[in-house]
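File shown: target_7.cif (mmCIF, C-alpha atoms and all ligand atoms).
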```cif
data_coords
#
loop_
_atom_site.label_atom_id
_atom_site.label_comp_id
_atom_site.auth_asym_id
_atom_site.auth_seq_id
_atom_site.Cartn_x
_atom_site.Cartn_y
_atom_site.Cartn_z
CA MET O 940 9.33 67.41 243.45
CA SER O 941 11.87 64.70 243.16
CA ALA O 942 13.57 63.83 239.94
CA SER O 943 14.00 60.10 240.02
CA HIS O 944 11.29 57.55 240.53
CA PRO O 945 11.48 53.84 239.90
CA LEU O 946 9.73 52.74 236.75
CA PRO O 947 6.94 50.21 237.04
CA SER O 948 8.17 46.65 236.54
CA GLY O 949 8.35 45.70 232.90
CA VAL O 950 9.12 49.25 231.73
CA ARG O 951 12.72 49.46 230.55
CA LEU O 952 14.12 52.62 229.07
CA PRO O 953 16.42 52.24 226.09
CA PRO O 954 20.05 53.33 226.48
CA GLY O 955 20.43 57.10 226.23
CA VAL O 956 16.91 57.81 227.55
CA ARG O 957 16.50 59.23 231.07
CA LEU O 958 12.97 59.93 232.30
CA LEU O 959 12.22 62.83 234.62
CA ASP O 960 8.82 61.97 236.09
CA LEU O 961 7.30 65.00 237.77
CA HIS O 962 4.11 63.09 238.50
CA PRO O 963 1.62 65.46 236.92
CA PRO O 964 -1.81 65.22 238.52
CA ARG O 965 -3.98 62.92 236.40
CA SER O 966 -6.58 65.12 234.83
CA ASP O 967 -9.92 63.95 236.05
CA PHE O 968 -12.00 63.12 232.99
CA ARG O 969 -15.15 62.38 235.02
CA ALA O 970 -15.05 65.54 237.15
CA ASP O 971 -14.14 67.77 234.18
CA VAL O 972 -16.89 66.30 231.97
CA LEU O 973 -19.57 66.70 234.63
CA LYS O 974 -18.45 70.25 235.36
CA GLY O 975 -18.57 71.08 231.64
CA LEU O 976 -21.95 69.46 231.04
CA ARG O 977 -23.58 71.20 234.02
CA ARG O 978 -22.76 74.64 232.57
CA ALA O 979 -25.46 76.73 230.91
CA GLU O 980 -23.26 76.59 227.78
CA LYS O 981 -22.07 73.00 227.79
CA SER O 982 -18.39 72.39 226.95
CA ILE O 983 -15.69 69.72 227.15
CA SER O 984 -11.95 70.45 226.79
CA PRO O 985 -10.40 69.39 223.44
CA LYS O 986 -7.62 67.68 225.40
CA TYR O 987 -10.09 64.80 225.90
CA PHE O 988 -10.22 64.06 222.16
CA TYR O 989 -6.96 62.17 222.36
CA ASP O 990 -7.65 58.70 223.71
CA ALA O 991 -6.27 55.86 221.54
CA ALA O 992 -9.21 56.04 219.08
CA GLY O 993 -9.14 59.85 218.99
CA SER O 994 -5.38 59.94 218.39
CA ALA O 995 -5.74 57.50 215.48
CA LEU O 996 -8.57 59.64 214.05
CA PHE O 997 -6.42 62.76 214.40
CA ASP O 998 -3.63 61.01 212.47
CA ALA O 999 -6.19 60.27 209.73
CA ILE O 1000 -7.27 63.95 209.73
CA THR O 1001 -3.71 65.05 209.02
CA GLU O 1002 -3.81 63.06 205.75
CA LEU O 1003 -7.12 64.48 204.49
CA PRO O 1004 -7.07 66.54 201.29
CA GLU O 1005 -9.04 69.36 202.99
CA TYR O 1006 -6.85 69.49 206.13
CA TYR O 1007 -4.00 71.67 204.85
CA PRO O 1008 -2.08 72.46 208.12
CA THR O 1009 0.04 69.33 208.57
CA ARG O 1010 1.28 68.96 205.01
CA THR O 1011 1.80 72.71 204.65
CA GLU O 1012 3.87 72.92 207.83
CA LEU O 1013 5.97 69.95 206.73
CA ALA O 1014 6.61 71.59 203.35
CA ILE O 1015 7.64 74.85 205.06
CA MET O 1016 10.02 72.95 207.35
CA ASP O 1017 11.44 71.11 204.39
CA ALA O 1018 11.99 74.26 202.35
CA HIS O 1019 13.58 76.34 205.13
CA LEU O 1020 15.26 73.87 207.45
CA ASP O 1021 18.75 75.15 206.59
CA LYS O 1022 17.87 78.68 207.66
CA MET O 1023 16.10 77.43 210.80
CA ALA O 1024 19.20 75.43 211.73
CA GLU O 1025 21.40 78.46 211.08
CA LEU O 1026 19.27 80.64 213.38
CA ALA O 1027 19.19 77.96 216.08
CA GLY O 1028 22.95 77.48 215.89
CA PRO O 1029 24.97 74.41 216.92
CA GLY O 1030 24.73 72.49 220.18
CA VAL O 1031 21.11 73.18 221.11
CA SER O 1032 18.85 71.33 223.47
CA VAL O 1033 15.44 70.93 221.78
CA ILE O 1034 12.57 71.13 224.29
CA GLU O 1035 9.38 69.98 222.61
CA PHE O 1036 6.05 70.91 224.20
CA GLY O 1037 4.15 67.68 223.59
CA ALA O 1038 5.81 64.43 222.61
CA GLY O 1039 6.57 64.18 218.95
CA SER O 1040 8.00 61.13 217.34
CA GLY O 1041 6.50 62.38 214.10
CA LEU O 1042 8.00 63.60 210.91
CA LYS O 1043 8.38 67.24 211.94
CA THR O 1044 10.51 66.44 215.00
CA ARG O 1045 12.72 64.05 213.05
CA GLN O 1046 13.07 66.56 210.25
CA LEU O 1047 14.15 69.27 212.71
CA LEU O 1048 16.60 67.09 214.66
CA ALA O 1049 18.15 65.83 211.44
CA GLY O 1050 18.61 69.38 210.17
CA LEU O 1051 20.21 70.90 213.30
CA GLU O 1052 23.97 71.07 213.73
CA ASP O 1053 25.13 68.72 216.49
CA PRO O 1054 22.05 68.92 218.74
CA ILE O 1055 22.94 67.99 222.34
CA ALA O 1056 19.62 66.82 223.73
CA TYR O 1057 15.96 66.25 222.94
CA VAL O 1058 13.58 66.96 225.83
CA PRO O 1059 9.96 66.04 225.01
CA VAL O 1060 7.45 67.16 227.66
CA ASP O 1061 4.08 65.43 227.85
CA ILE O 1062 1.47 64.56 230.45
CA SER O 1063 0.92 61.10 228.99
CA ARG O 1064 3.74 58.90 230.26
CA GLN O 1065 3.00 56.09 227.85
CA PHE O 1066 2.96 58.34 224.80
CA LEU O 1067 6.07 60.17 226.03
CA LEU O 1068 8.10 57.00 226.48
CA GLY O 1069 7.04 55.61 223.11
CA SER O 1070 8.08 58.82 221.44
CA ALA O 1071 11.38 59.08 223.36
CA GLU O 1072 12.26 55.53 222.42
CA ALA O 1073 11.59 56.13 218.72
CA ILE O 1074 13.73 59.28 218.70
CA ALA O 1075 16.57 57.64 220.67
CA GLU O 1076 16.64 54.82 218.16
CA ALA O 1077 16.72 57.18 215.19
CA PHE O 1078 19.34 59.54 216.74
CA PRO O 1079 21.74 57.41 218.80
CA ALA O 1080 24.15 60.30 219.52
CA LEU O 1081 21.41 62.45 221.07
CA GLU O 1082 20.65 62.56 224.79
CA VAL O 1083 16.90 61.94 225.07
CA LEU O 1084 15.49 63.29 228.32
CA PRO O 1085 11.70 62.93 228.44
CA VAL O 1086 9.84 64.90 231.11
CA CYS O 1087 6.45 63.68 232.29
CA ALA O 1088 4.73 66.92 233.25
CA ASP O 1089 1.85 69.25 232.43
CA PHE O 1090 3.57 71.71 230.09
CA THR O 1091 1.05 74.48 230.73
CA ARG O 1092 2.89 75.10 234.03
CA PRO O 1093 6.63 75.73 234.58
CA PHE O 1094 8.50 72.46 235.10
CA GLN O 1095 11.92 71.33 236.18
CA ARG O 1096 14.31 70.95 233.21
CA PRO O 1097 16.65 67.94 233.17
CA GLN O 1098 20.35 68.73 232.79
CA PRO O 1099 22.00 67.04 229.79
CA ASP O 1100 25.47 65.60 230.43
CA ARG O 1101 26.89 67.85 227.70
CA MET O 1102 26.20 71.53 228.22
CA PRO O 1103 23.92 72.92 225.47
CA LEU O 1104 24.79 76.32 224.01
CA ARG O 1105 21.14 77.29 223.86
CA ASN O 1106 17.63 75.94 224.41
CA LEU O 1107 15.28 75.73 221.44
CA VAL O 1108 11.64 75.30 222.45
CA TYR O 1109 9.65 73.55 219.70
CA PHE O 1110 5.85 73.71 219.47
CA PRO O 1111 4.66 72.58 216.03
CA GLY O 1112 1.20 71.83 214.63
CA SER O 1113 -0.48 75.14 215.55
CA THR O 1114 -1.59 73.52 218.78
CA ILE O 1115 -1.25 77.06 220.18
CA GLY O 1116 -4.52 77.72 218.28
CA ASN O 1117 -6.45 75.35 220.53
CA PHE O 1118 -5.86 77.65 223.52
CA THR O 1119 -7.82 80.84 224.22
CA ARG O 1120 -5.81 84.07 223.96
CA ASP O 1121 -5.28 84.20 227.74
CA GLU O 1122 -4.24 80.56 227.87
CA ALA O 1123 -1.96 81.03 224.84
CA LEU O 1124 -0.27 83.99 226.54
CA SER O 1125 0.40 82.06 229.72
CA LEU O 1126 1.68 79.08 227.70
CA LEU O 1127 4.07 81.39 225.80
CA GLN O 1128 5.24 82.69 229.18
CA VAL O 1129 6.06 79.14 230.26
CA MET O 1130 7.97 78.67 226.96
CA HIS O 1131 9.84 81.90 227.64
CA THR O 1132 10.94 80.50 231.01
CA GLU O 1133 11.94 77.15 229.50
CA ALA O 1134 13.85 78.74 226.60
CA ALA O 1135 15.97 80.47 229.28
CA ALA O 1136 18.37 83.35 228.61
CA GLY O 1137 19.53 83.38 225.00
CA GLY O 1138 17.05 80.68 224.00
CA ALA O 1139 14.53 80.63 221.18
CA LEU O 1140 11.13 79.27 220.19
CA LEU O 1141 10.25 77.57 216.90
CA ILE O 1142 6.48 77.44 216.58
CA GLY O 1143 3.87 76.48 213.97
CA VAL O 1144 1.03 79.01 213.73
CA ASP O 1145 -1.98 78.59 211.44
CA LEU O 1146 -3.03 81.77 209.64
CA ARG O 1147 -6.34 83.54 209.11
CA LYS O 1148 -7.82 82.83 205.70
CA ASP O 1149 -11.11 82.61 203.82
CA ARG O 1150 -14.08 80.97 205.52
CA ARG O 1151 -14.55 78.35 202.79
CA THR O 1152 -11.04 76.87 203.11
CA LEU O 1153 -11.30 76.84 206.90
CA GLU O 1154 -14.76 75.32 207.13
CA ARG O 1155 -13.83 72.65 204.57
CA ALA O 1156 -10.74 71.76 206.63
CA TYR O 1157 -12.92 71.04 209.66
CA ASN O 1158 -15.90 69.52 207.75
CA ASP O 1159 -14.12 67.05 205.46
CA ALA O 1160 -16.13 65.16 202.87
CA ALA O 1161 -15.12 61.74 204.24
CA GLY O 1162 -16.51 62.65 207.67
CA VAL O 1163 -13.29 61.88 209.59
CA THR O 1164 -13.42 65.14 211.59
CA ALA O 1165 -17.05 64.38 212.45
CA GLU O 1166 -15.96 60.94 213.70
CA PHE O 1167 -13.12 62.54 215.69
CA ASN O 1168 -15.59 64.92 217.36
CA LEU O 1169 -18.26 62.24 217.96
CA ASN O 1170 -15.60 59.93 219.46
CA LEU O 1171 -15.81 62.13 222.53
CA LEU O 1172 -19.33 60.77 223.11
CA GLU O 1173 -18.10 57.21 222.58
CA ARG O 1174 -15.24 57.87 224.99
CA MET O 1175 -17.72 59.01 227.66
CA ASN O 1176 -19.75 55.84 227.00
CA ARG O 1177 -16.61 53.68 227.32
CA GLU O 1178 -15.01 55.35 230.31
CA LEU O 1179 -17.84 56.98 232.26
CA GLY O 1180 -20.65 54.50 231.62
CA ALA O 1181 -22.56 57.21 229.74
CA ASP O 1182 -25.37 56.30 227.33
CA PHE O 1183 -24.92 58.80 224.50
CA ASP O 1184 -26.38 57.69 221.17
CA PRO O 1185 -23.90 59.36 218.77
CA SER O 1186 -26.44 59.18 215.94
CA ARG O 1187 -28.55 61.69 217.90
CA PHE O 1188 -25.75 64.28 217.78
CA GLU O 1189 -24.29 66.11 214.85
CA HIS O 1190 -20.74 67.43 214.26
CA ARG O 1191 -20.61 71.15 213.52
CA ALA O 1192 -17.54 73.29 212.77
CA THR O 1193 -18.08 76.95 211.94
CA TRP O 1194 -15.81 79.92 211.42
CA ASN O 1195 -16.29 82.76 213.93
CA ASP O 1196 -14.80 85.70 212.08
CA ALA O 1197 -14.92 88.19 214.97
CA ALA O 1198 -13.03 85.81 217.25
CA SER O 1199 -10.86 84.53 214.35
CA ARG O 1200 -11.41 80.89 215.15
CA ILE O 1201 -13.07 77.66 214.08
CA GLU O 1202 -15.51 76.52 216.75
CA MET O 1203 -16.37 72.83 216.94
CA ARG O 1204 -19.52 71.61 218.57
CA LEU O 1205 -21.62 68.48 219.03
CA VAL O 1206 -25.23 69.49 218.46
CA SER O 1207 -28.18 67.53 219.83
CA ARG O 1208 -30.59 66.48 217.07
CA ALA O 1209 -33.52 66.16 219.52
CA ASP O 1210 -34.72 66.86 223.04
CA GLN O 1211 -33.07 64.10 225.00
CA ARG O 1212 -31.84 63.01 228.41
CA VAL O 1213 -28.45 61.29 228.68
CA ARG O 1214 -26.89 59.66 231.74
CA VAL O 1215 -23.23 60.46 232.36
CA ALA O 1216 -21.45 58.88 235.34
CA GLY O 1217 -24.85 58.33 236.95
CA GLU O 1218 -26.02 61.90 236.43
CA ALA O 1219 -28.93 62.94 234.16
CA ILE O 1220 -27.99 65.58 231.60
CA ASP O 1221 -30.75 67.15 229.52
CA PHE O 1222 -30.33 68.46 225.98
CA ALA O 1223 -32.83 70.53 224.05
CA ALA O 1224 -32.97 69.99 220.30
CA GLY O 1225 -30.26 72.19 218.76
CA GLU O 1226 -28.36 72.56 222.04
CA ALA O 1227 -24.61 72.07 221.68
CA ILE O 1228 -21.51 70.96 223.55
CA LEU O 1229 -18.55 73.20 222.63
CA THR O 1230 -15.60 70.87 222.07
CA GLU O 1231 -12.81 72.93 220.44
CA TYR O 1232 -11.57 76.34 219.39
CA SER O 1233 -8.93 76.52 216.69
CA HIS O 1234 -7.67 80.10 216.50
CA LYS O 1235 -6.12 81.40 213.29
CA TYR O 1236 -3.76 84.36 213.54
CA GLU O 1237 -2.71 87.35 211.49
CA LEU O 1238 1.09 87.64 211.64
CA ASP O 1239 1.04 90.97 213.50
CA GLN O 1240 -1.56 89.70 215.98
CA PHE O 1241 0.61 86.72 216.86
CA ALA O 1242 3.70 88.92 217.12
CA GLY O 1243 1.79 91.09 219.63
CA LEU O 1244 0.75 88.07 221.68
CA ALA O 1245 4.31 86.72 221.69
CA ALA O 1246 5.71 90.14 222.65
CA GLY O 1247 3.41 90.06 225.69
CA ALA O 1248 5.31 86.95 226.79
CA GLY O 1249 8.74 88.51 226.12
CA PHE O 1250 9.45 87.03 222.67
CA THR O 1251 10.56 88.85 219.51
CA VAL O 1252 9.66 87.38 216.12
CA ALA O 1253 12.99 87.04 214.31
CA GLN O 1254 11.82 85.23 211.19
CA VAL O 1255 8.56 83.96 209.68
CA TRP O 1256 8.30 81.38 206.90
CA THR O 1257 5.04 80.74 205.06
CA ASP O 1258 3.96 78.66 202.07
CA PRO O 1259 3.28 80.41 198.74
CA ASP O 1260 -0.47 80.59 199.52
CA ARG O 1261 0.17 81.98 203.02
CA LEU O 1262 -1.93 79.28 204.64
CA PHE O 1263 0.41 78.47 207.53
CA SER O 1264 3.48 79.89 209.21
CA VAL O 1265 6.52 78.59 211.04
CA GLN O 1266 8.09 81.28 213.20
CA PHE O 1267 11.45 81.67 214.93
CA LEU O 1268 11.18 83.80 218.07
CA THR O 1269 14.03 84.94 220.28
CA ARG O 1270 14.20 86.08 223.87
CA ASP O 1271 16.90 87.93 225.78
C1 LIG G 1301 -4.32 69.67 217.15
N1 LIG G 1301 -4.96 70.83 216.56
C2 LIG G 1301 -3.98 71.83 216.14
C3 LIG G 1301 -5.96 70.52 215.51
C4 LIG G 1301 -6.56 71.82 214.92
O1 LIG G 1301 -6.55 71.94 213.68
O2 LIG G 1301 -6.98 72.69 215.67
C5 LIG G 1301 -7.08 69.64 216.05
C6 LIG G 1301 -8.17 69.39 215.04
N2 LIG G 1301 -9.45 69.50 215.29
C7 LIG G 1301 -10.13 69.20 214.19
N3 LIG G 1301 -9.30 68.90 213.22
C8 LIG G 1301 -8.04 68.99 213.74
#
```

For the file at hand, write its structure as structure tokens.
Ligand code: AVI
Amino acid sequence: MSASHPLPSGVRLPPGVRLLDLHPPRSDFRADVLKGLRRAEKSISPKYFYDAAGSALFDAITELPEYYPTRTELAIMDAHLDKMAELAGPGVSVIEFGAGSGLKTRQLLAGLEDPIAYVPVDISRQFLLGSAEAIAEAFPALEVLPVCADFTRPFQRPQPDRMPLRNLVYFPGSTIGNFTRDEALSLLQVMHTEAAAGGALLIGVDLRKDRRTLERAYNDAAGVTAEFNLNLLERMNRELGADFDPSRFEHRATWNDAASRIEMRLVSRADQRVRVAGEAIDFAAGEAILTEYSHKYELDQFAGLAAGAGFTVAQVWTDPDRLFSVQFLTRD
């Protein structure tokens, strides 16, 4: 893989931002959707929620009274940033899995002592560059080195001009919960590689709690999560020429206690045939498309998972109600 590629005309990077474009294969929405809808148990990956409309709906979810994770994580960061910065130490390179121009990233970068570089890694080039630009503007002394890559696989790390003392991998939002246990383990292994010797991981992990709180968080009264889920049908209509009638599907989010996860589905309200990319897909009344898992962890369970990837939990911060955790993990 080569490190430098010309940018398309019209794309100009702001000073201090150097893009490493590793040309991740474009995920094939059409092929993945058809594969998922042909299965006996129909499913579509949650990564397809996030087109422009889905990303805006997710932003709206984070503001909902029932959706506690975002505001709780922010409050934990706010309350314990000094200690996090002390554990991270001075002169770190922050490698964020996913591109974050949001509050949490800014909060962290502002709290660290003399951070050397910020390396956001995201498959969406457009999102990545937007985020890199916003961070570069807010932190002019920071080297901003965005990497366009699929972060679920090891990638080439750009070298900052100034030598960092340590890498700090950052993975907020409990996005780890959207991966199955096996996928989460292999993602933690990639983070272990990217943290490199002496590095650390700062990660947001949502915690197991009562069914009522969890089901309310994913079935909000205003129906925004339902819209977010149903947008997947609209996206298939827009991009794959499908003819879903969203009013003939229902959003469902239920807590699976044995698997310790919220499971989101789109349930067909009737027997119906839908055309997707020219192919007929039949639904029986009550048949569902699985669209997302959101795993919630006990602290010791997560520590066990992280240990499997070579990490040791050094410190855990939670809110007073123990809804959410932010964890600092070290590696040798
Ligand atoms: C992005 N991710 C951590 C969210 C979650 O809570 O699992 C996505 C989400 N799905 C429904 N509401 C929010």

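Using all atoms listed in the file, the smallest distance between any of O:Thr1193, O:Asp971, O:Leu1172, O:Leu1244 and Arg1214 of chain O comes from O:Leu1172.
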
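Nearest residue to ligand LIG 1301 (chain G), choosing from O:Ala1165, O:Ala1073, O:Leu1068, O:Ile1034 and counting all atoms listed in the file: O:Ala1165.
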
Nearest to Asp1258 of chain O among O:Leu952, O:Ala1216, O:Ala1192, O:Leu1146, with distances taken over all atoms listed in the file: which residue is it? O:Leu1146

Given all atoms listed in the file as the basis, pick out the residue of O:Asn1176, O:Asn1195, O:Thr1132, O:Thr1009 nearest to ligand LIG 1301 (chain G).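 So, comparing all the options, the nearest one is O:Thr1009.
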
Given a cut-off of 6 Å, what residues near ligand LIG 1301 (chain G) show up using only C-alpha atoms and all ligand atoms, put as a ChimeraX atom specification? /O:1112-1114,1117,1157,1164,1233

Here is a test: counting all atoms listed in the file, which residue of O:Leu1179, O:Ala1038, O:Met1130, O:Ala1248 is nearest to Glu1218 of chain O? O:Leu1179

Around the point (4.1, 64.8, 229.6) in the file's coordinates, collect all residues with an atom within 6 Å, using all atoms listed in the file, and return them as a ChimeraX atom specification. /O:1060-1064,1086-1089
